[in-house]
Amino acid sequence: MKKILVFRLSAMGDVALTAPIIRNVLESDSDLHITLVTRPFFAPFFFGIPRLKLYFPKLDNKHKGLFGLYRLYQDLKKLGPFDKIVDLHDVLRTKVVSFLFKLNGTPVFSIDKGRKEKNEIIKTKKINVLKHSIQRYADTFSKAGIESQIGKAPYIDYSTEAFQSARSYLLGKIPEKGYLKIGLSPFANTAPKIWGINNFKELITLINKNHKAVFFLFGGGEKEIKLLKQLEQHGDNVHLVAGKFTLSEEIAMIRMLDLMIAMDSSNMHLASLSGVRTISVWGGTHPAFGFSALGQPEEYHIQPPDGILKCRPCSVFGGKPCIYPTPSCMELIKATDLYQRLVMLNVLKPKNGEKG
């Protein structure tokens, strides 16, 4: 029996992207066992993966700080011995624990995040499409002598109970056959990646005018959910999902959608990993960094018109505030333009006489 210890603690979308690779390597080698160190909230991403054990460190207390990381090393060591350490995160915490294992003689293989290449794009604004994050995960396993393939979506699964709950909810909101089930995820973790509630209101109006559709609102914390509740009031066919269901149920619900429209966010990744057609809207960040919706055509990535703003992309993760009060990247993406793109791509069937 071979035992591998893998680290990936955050962020949500990045953790979700590890699921296809971990599933593939375990399904390809019946003698392999993996312990994944991550956070408990992310457990649903790994439902049904054979010979995978999840370990949830207590980073807020027991495993906090330098001495806490040593305790984490000691606790993980009891689960071994491990043949190899695969660090898919490569941050200070995982570096410290991996180093302790290395001192003990366990080989460590860390991800190459391509930081230099990404910073070069930020500096020069010359777009060079870099490796996707999921390929970097596969490459890290390859360095450890474990080959993997990305395969085809869907990559994440869910329980029968989650499926039944999601199916019951969705079907209860569909007036009749022929209605498109459209997921909307208006938020991201930073302002330069958010298109705005008003744009979504206008987009819903345009779609309602010409198509039969029901909209489901995903994502956000308490502050965002308050705004989503306002968006829910925009029509009888707009329904709030965020905050009402477990993550497993949301994953099952996303799998049943016809379309997801999202920011550069975790819900974008969950939709593409579920094999759902995913339209992503990009502002301060750029899909070339390797965080694009997996398996989606390039034309599904909606971006500001080229040549207008010389400052884009301004950061890799969207954490840098916009230097201009107006127009921001997202202000250059109009709801009418996005709607026309959906029609042109045949994502939305045009009504009689409407040109794509």
# chains A, B, ... in the order shown; residues from 1 in each chain; ligands from 1
call {"tool": "closest_atom_pairs", "arguments": {"of": "stretch 247-267 of chain A", "to": "stretch 157-172 of chain A", "cutoff": "9 Å", "atoms": "only C-alpha atoms", "output": "JSON lines"}}
result
{"residue": "A:Ser248", "atom": "CA", "partner": "A:Ala162", "partner_atom": "CA", "distance": 5.9}
{"residue": "A:Glu249", "atom": "CA", "partner": "A:Ala162", "partner_atom": "CA", "distance": 4.6}
{"residue": "A:Glu250", "atom": "CA", "partner": "A:Ala166", "partner_atom": "CA", "distance": 7.2}
{"residue": "A:Ile251", "atom": "CA", "partner": "A:Tyr158", "partner_atom": "CA", "distance": 7.1}
{"residue": "A:Ala252", "atom": "CA", "partner": "A:Phe163", "partner_atom": "CA", "distance": 5.4}
{"residue": "A:Met253", "atom": "CA", "partner": "A:Ala166", "partner_atom": "CA", "distance": 5.0}
{"residue": "A:Ile254", "atom": "CA", "partner": "A:Ala166", "partner_atom": "CA", "distance": 8.8}
{"residue": "A:Met256", "atom": "CA", "partner": "A:Arg167", "partner_atom": "CA", "distance": 7.8}
call {"tool": "write_last_selection", "arguments": {"atoms": "N, CA and C atoms", "output": "mmCIF file, in the first residue's frame"}}
result
data_model
loop_
_atom_site.group_PDB
_atom_site.id
_atom_site.type_symbol
_atom_site.label_atom_id
_atom_site.label_comp_id
_atom_site.auth_asym_id
_atom_site.auth_seq_id
_atom_site.Cartn_x
_atom_site.Cartn_y
_atom_site.Cartn_z
ATOM 1 N N SER A 248 -23.311 20.620 -0.614
ATOM 2 C CA SER A 248 -23.606 19.416 -1.404
ATOM 3 C C SER A 248 -24.864 19.608 -2.250
ATOM 4 N N GLU A 249 -25.874 20.210 -1.652
ATOM 5 C CA GLU A 249 -27.118 20.449 -2.385
ATOM 6 C C GLU A 249 -26.914 21.481 -3.493
ATOM 7 N N GLU A 250 -26.103 22.497 -3.223
ATOM 8 C CA GLU A 250 -25.820 23.491 -4.264
ATOM 9 C C GLU A 250 -25.066 22.858 -5.432
ATOM 10 N N ILE A 251 -24.121 21.975 -5.132
ATOM 11 C CA ILE A 251 -23.388 21.282 -6.198
ATOM 12 C C ILE A 251 -24.349 20.458 -7.051
ATOM 13 N N ALA A 252 -25.255 19.745 -6.396
ATOM 14 C CA ALA A 252 -26.245 18.948 -7.130
ATOM 15 C C ALA A 252 -27.142 19.843 -7.971
ATOM 16 N N MET A 253 -27.498 21.006 -7.425
ATOM 17 C CA MET A 253 -28.363 21.938 -8.133
ATOM 18 C C MET A 253 -27.651 22.516 -9.352
ATOM 19 N N ILE A 254 -26.387 22.879 -9.183
ATOM 20 C CA ILE A 254 -25.604 23.425 -10.296
ATOM 21 C C ILE A 254 -25.528 22.416 -11.433
ATOM 22 N N MET A 256 -27.647 20.444 -12.471
ATOM 23 C CA MET A 256 -28.909 20.361 -13.205
ATOM 24 C C MET A 256 -29.207 21.606 -14.040
#
call {"tool": "select_by_dssp", "arguments": {"residues": "stretch 27-100 of chain A", "states": "alpha helix (DSSP H)", "output": "PyMOL selection string"}}
result
chain A and resi 27-28+65-77+92-100
call {"tool": "closest_residue", "arguments": {"among": "A:Ser292, A:Thr285, A:Gln230, A:Ser133", "to": "A:Asn198", "atoms": "only C-alpha atoms"}}
result
A:Gln230
call {"tool": "residues_around", "arguments": {"residues": "A:Lys310", "least_positions_apart": "3", "cutoff": "12 Å", "atoms": "only C-alpha atoms", "output": "VMD selection string"}}
result
chain A and resid 122 to 126 284 304 to 307 313 to 314 323 to 324 328 to 329
call {"tool": "write_last_selection", "arguments": {"atoms": "N, CA and C atoms", "output": "compact mmCIF listing (two decimals), in the first residue's frame"}}
result
# COMPACT_ATOMS: atom_id res chain seq x y z
N ILE A 122 1.41 40.99 -15.52
CA ILE A 122 0.96 42.19 -14.81
C ILE A 122 1.85 43.38 -15.17
N LYS A 123 3.14 43.15 -15.27
CA LYS A 123 4.09 44.22 -15.52
C LYS A 123 4.01 44.73 -16.96
N THR A 124 3.96 43.82 -17.92
CA THR A 124 4.05 44.21 -19.33
C THR A 124 2.70 44.36 -20.01
N LYS A 125 1.65 43.73 -19.44
CA LYS A 125 0.30 43.69 -20.04
C LYS A 125 0.29 42.89 -21.34
N LYS A 126 1.34 42.13 -21.59
CA LYS A 126 1.38 41.26 -22.77
C LYS A 126 0.79 39.91 -22.39
N GLY A 284 -10.79 42.96 -13.56
CA GLY A 284 -9.39 43.25 -13.25
C GLY A 284 -8.46 42.06 -13.44
N PRO A 304 -13.69 43.00 -21.04
CA PRO A 304 -13.83 44.35 -21.60
C PRO A 304 -13.22 44.42 -23.00
N PRO A 305 -13.68 45.34 -23.84
CA PRO A 305 -13.11 45.48 -25.18
C PRO A 305 -11.61 45.77 -25.12
N ASP A 306 -10.86 45.19 -26.02
CA ASP A 306 -9.41 45.38 -26.07
C ASP A 306 -9.05 46.83 -26.39
N GLY A 307 -7.94 47.27 -25.81
CA GLY A 307 -7.35 48.55 -26.21
C GLY A 307 -7.90 49.78 -25.54
N PRO A 313 -4.56 43.32 -17.35
CA PRO A 313 -5.01 42.98 -16.00
C PRO A 313 -4.16 43.68 -14.94
N CYS A 314 -4.82 44.06 -13.84
CA CYS A 314 -4.13 44.82 -12.81
C CYS A 314 -3.58 43.94 -11.70
N ILE A 323 -7.36 51.73 -10.08
CA ILE A 323 -6.71 53.03 -9.94
C ILE A 323 -7.56 54.15 -10.54
N TYR A 324 -8.58 53.78 -11.30
CA TYR A 324 -9.44 54.79 -11.92
C TYR A 324 -10.84 54.72 -11.30
N SER A 328 -14.34 51.69 -14.84
CA SER A 328 -13.66 50.48 -14.43
C SER A 328 -13.82 49.43 -15.53
N CYS A 329 -13.06 48.33 -15.39
CA CYS A 329 -13.16 47.24 -16.38
C CYS A 329 -14.60 46.79 -16.56
call {"tool": "closest_residue", "arguments": {"among": "A:Leu79, A:Val316, A:Leu52, A:Ile156", "to": "A:Leu130", "atoms": "only C-alpha atoms"}}
result
A:Val316
call {"tool": "select_by_dssp", "arguments": {"residues": "stretch 148-251 of chain A", "states": "strand (DSSP E or B)", "output": "list in words"}}
result
Leu180, Lys181, Ile182, Gly183, Leu184, Ser185, Ala213, Val214, Phe215, Phe216, Leu217, Val238, His239 and Leu240 of chain A
call {"tool": "write_last_selection", "arguments": {"atoms": "N, CA and C atoms", "output": "compact mmCIF listing (two decimals), in the first residue's frame"}}
result
# COMPACT_ATOMS: atom_id res chain seq x y z
N LEU A 180 -35.45 27.45 -19.62
CA LEU A 180 -34.03 27.32 -19.31
C LEU A 180 -33.80 27.52 -17.82
N LYS A 181 -32.96 26.69 -17.24
CA LYS A 181 -32.56 26.85 -15.84
C LYS A 181 -31.20 27.55 -15.84
N ILE A 182 -31.21 28.82 -15.44
CA ILE A 182 -30.00 29.64 -15.52
C ILE A 182 -29.53 30.00 -14.11
N GLY A 183 -28.32 29.66 -13.79
CA GLY A 183 -27.71 30.07 -12.53
C GLY A 183 -27.01 31.41 -12.70
N LEU A 184 -27.15 32.27 -11.70
CA LEU A 184 -26.47 33.56 -11.69
C LEU A 184 -25.64 33.65 -10.42
N SER A 185 -24.37 33.98 -10.57
CA SER A 185 -23.49 34.13 -9.41
C SER A 185 -22.79 35.48 -9.52
N ALA A 213 -37.20 31.41 -19.16
CA ALA A 213 -36.09 31.07 -18.28
C ALA A 213 -36.49 31.22 -16.82
N VAL A 214 -35.83 30.45 -15.98
CA VAL A 214 -35.94 30.59 -14.53
C VAL A 214 -34.52 30.80 -14.01
N PHE A 215 -34.35 31.76 -13.10
CA PHE A 215 -33.02 32.14 -12.63
C PHE A 215 -32.84 31.71 -11.17
N PHE A 216 -31.64 31.21 -10.87
CA PHE A 216 -31.30 30.77 -9.52
C PHE A 216 -30.04 31.50 -9.09
N LEU A 217 -30.09 32.16 -7.92
CA LEU A 217 -29.02 33.03 -7.44
C LEU A 217 -28.11 32.30 -6.47
N VAL A 238 -37.19 34.55 -10.46
CA VAL A 238 -35.85 34.69 -9.90
C VAL A 238 -35.88 34.15 -8.47
N HIS A 239 -35.00 33.18 -8.17
CA HIS A 239 -35.07 32.49 -6.88
C HIS A 239 -33.70 32.44 -6.21
N LEU A 240 -33.69 32.76 -4.92
CA LEU A 240 -32.46 32.77 -4.14
C LEU A 240 -32.11 31.36 -3.67
call {"tool": "atom_distance", "arguments": {"atom1": "atom CA of A:Pro50", "atom2": "atom CA of A:Val37"}}
result
16.0 Å
call {"tool": "closest_residue", "arguments": {"among": "A:Glu299, A:Ser10, A:Gln149, A:Arg115", "to": "A:Val25", "atoms": "only C-alpha atoms"}}
result
A:Gln149
call {"tool": "residues_around", "arguments": {"residues": "A:Gly295", "least_positions_apart": "3", "cutoff": "9 Å", "atoms": "only C-alpha atoms", "output": "MDAnalysis selection string"}}
result
chainID A and resid 152:153 272:273 275 292
call {"tool": "write_last_selection", "arguments": {"atoms": "C-alpha atoms", "output": "short mmCIF file (atom, residue, chain, number, x, y, z; two decimals), in the first residue's frame"}}
result
data_model
loop_
_atom_site.label_atom_id
_atom_site.label_comp_id
_atom_site.auth_asym_id
_atom_site.auth_seq_id
_atom_site.Cartn_x
_atom_site.Cartn_y
_atom_site.Cartn_z
CA LYS A 152 -13.91 14.98 -18.97
CA ALA A 153 -16.53 16.66 -16.79
CA SER A 272 -17.49 24.06 -15.15
CA LEU A 273 -16.38 21.11 -13.00
CA GLY A 275 -19.98 19.96 -16.87
CA SER A 292 -10.45 30.12 -16.33
#
call {"tool": "residues_around", "arguments": {"residues": "A:Tyr73", "least_positions_apart": "6", "cutoff": "9 Å", "atoms": "only C-alpha atoms", "output": "number ranges by chain"}}
result
A: 96-98, 100-101
call {"tool": "write_last_selection", "arguments": {"atoms": "C-alpha atoms", "output": "tab-separated table (two decimals), in the first residue's frame"}}
result
chain	number	residue	atom	x	y	z
A	96	VAL	CA	6.83	24.59	7.19
A	97	VAL	CA	5.03	21.26	7.67
A	98	SER	CA	6.46	19.86	4.43
A	100	LEU	CA	9.54	18.98	8.80
A	101	PHE	CA	8.55	15.87	6.85
call {"tool": "closest_residue", "arguments": {"among": "A:Lys334, A:Lys64, A:Lys223, A:Arg71", "to": "A:Asn199", "atoms": "only C-alpha atoms"}}
result
A:Lys334
call {"tool": "atom_distance", "arguments": {"atom1": "atom CA of A:Leu32", "atom2": "atom CA of A:Arg51"}}
result
7.4 Å
call {"tool": "closest_residue", "arguments": {"among": "A:Lys209, A:Arg341, A:Lys84, A:Arg255", "to": "A:Arg277", "atoms": "only C-alpha atoms"}}
result
A:Arg255
call {"tool": "atom_distance", "arguments": {"atom1": "atom CA of A:Leu228", "atom2": "atom CA of A:Ser265"}}
result
16.0 Å
call {"tool": "closest_residue", "arguments": {"among": "A:Lys102, A:His132, A:Lys193, A:His234", "to": "A:Arg312", "atoms": "only C-alpha atoms"}}
result
A:Lys193
call {"tool": "residues_around", "arguments": {"residues": "stretch 87-95 of chain A", "least_positions_apart": "6", "cutoff": "10 Å", "atoms": "only C-alpha atoms", "output": "PyMOL selection string"}}
result
chain A and resi 5-11+14-15+18+36-37+59+63-66+68-69+72-73+101+108-113+133+136-138+140-141
call {"tool": "write_last_selection", "arguments": {"atoms": "C-alpha atoms", "output": "PDB file, in the first residue's frame"}}
result
ATOM      1  CA  LEU A   5      -0.059  13.241   1.977  1.00  0.00           C
ATOM      2  CA  VAL A   6      -1.480  16.161  -0.031  1.00  0.00           C
ATOM      3  CA  PHE A   7      -1.920  19.804   1.032  1.00  0.00           C
ATOM      4  CA  ARG A   8      -4.490  22.274  -0.333  1.00  0.00           C
ATOM      5  CA  LEU A   9      -6.167  24.460   2.294  1.00  0.00           C
ATOM      6  CA  SER A  10      -7.734  27.248   0.200  1.00  0.00           C
ATOM      7  CA  ALA A  11      -9.193  29.034  -1.696  1.00  0.00           C
ATOM      8  CA  ASP A  14      -8.617  26.170  -6.077  1.00  0.00           C
ATOM      9  CA  VAL A  15      -9.531  23.345  -3.712  1.00  0.00           C
ATOM     10  CA  THR A  18      -7.892  19.445  -7.023  1.00  0.00           C
ATOM     11  CA  LEU A  36      -5.743  15.423   1.892  1.00  0.00           C
ATOM     12  CA  VAL A  37      -5.196  18.280   4.341  1.00  0.00           C
ATOM     13  CA  LEU A  59      -5.681  26.400  12.237  1.00  0.00           C
ATOM     14  CA  HIS A  63      -2.441  24.231  14.864  1.00  0.00           C
ATOM     15  CA  LYS A  64      -2.033  28.020  14.906  1.00  0.00           C
ATOM     16  CA  GLY A  65       1.390  29.634  14.770  1.00  0.00           C
ATOM     17  CA  LEU A  66       4.814  28.043  14.491  1.00  0.00           C
ATOM     18  CA  GLY A  68       0.908  24.814  16.168  1.00  0.00           C
ATOM     19  CA  LEU A  69       2.369  23.821  12.814  1.00  0.00           C
ATOM     20  CA  LEU A  72       0.162  19.590  12.984  1.00  0.00           C
ATOM     21  CA  TYR A  73       3.256  17.815  11.716  1.00  0.00           C
ATOM     22  CA  PHE A 101       8.547  15.873   6.849  1.00  0.00           C
ATOM     23  CA  VAL A 108       8.363  16.550  -0.861  1.00  0.00           C
ATOM     24  CA  PHE A 109       7.011  17.758  -4.213  1.00  0.00           C
ATOM     25  CA  SER A 110       5.638  21.298  -4.412  1.00  0.00           C
ATOM     26  CA  ILE A 111       3.530  23.017  -7.043  1.00  0.00           C
ATOM     27  CA  ASP A 112       5.055  25.547  -9.407  1.00  0.00           C
ATOM     28  CA  LYS A 113       2.473  28.335  -9.361  1.00  0.00           C
ATOM     29  CA  SER A 133      -4.187  25.500 -12.359  1.00  0.00           C
ATOM     30  CA  ARG A 136      -0.163  22.540 -12.511  1.00  0.00           C
ATOM     31  CA  TYR A 137      -1.709  20.100 -10.020  1.00  0.00           C
ATOM     32  CA  ALA A 138      -1.229  17.250 -12.496  1.00  0.00           C
ATOM     33  CA  THR A 140       3.066  18.275  -9.346  1.00  0.00           C
ATOM     34  CA  PHE A 141       1.839  14.700  -9.071  1.00  0.00           C
TER      35      PHE A 141
END
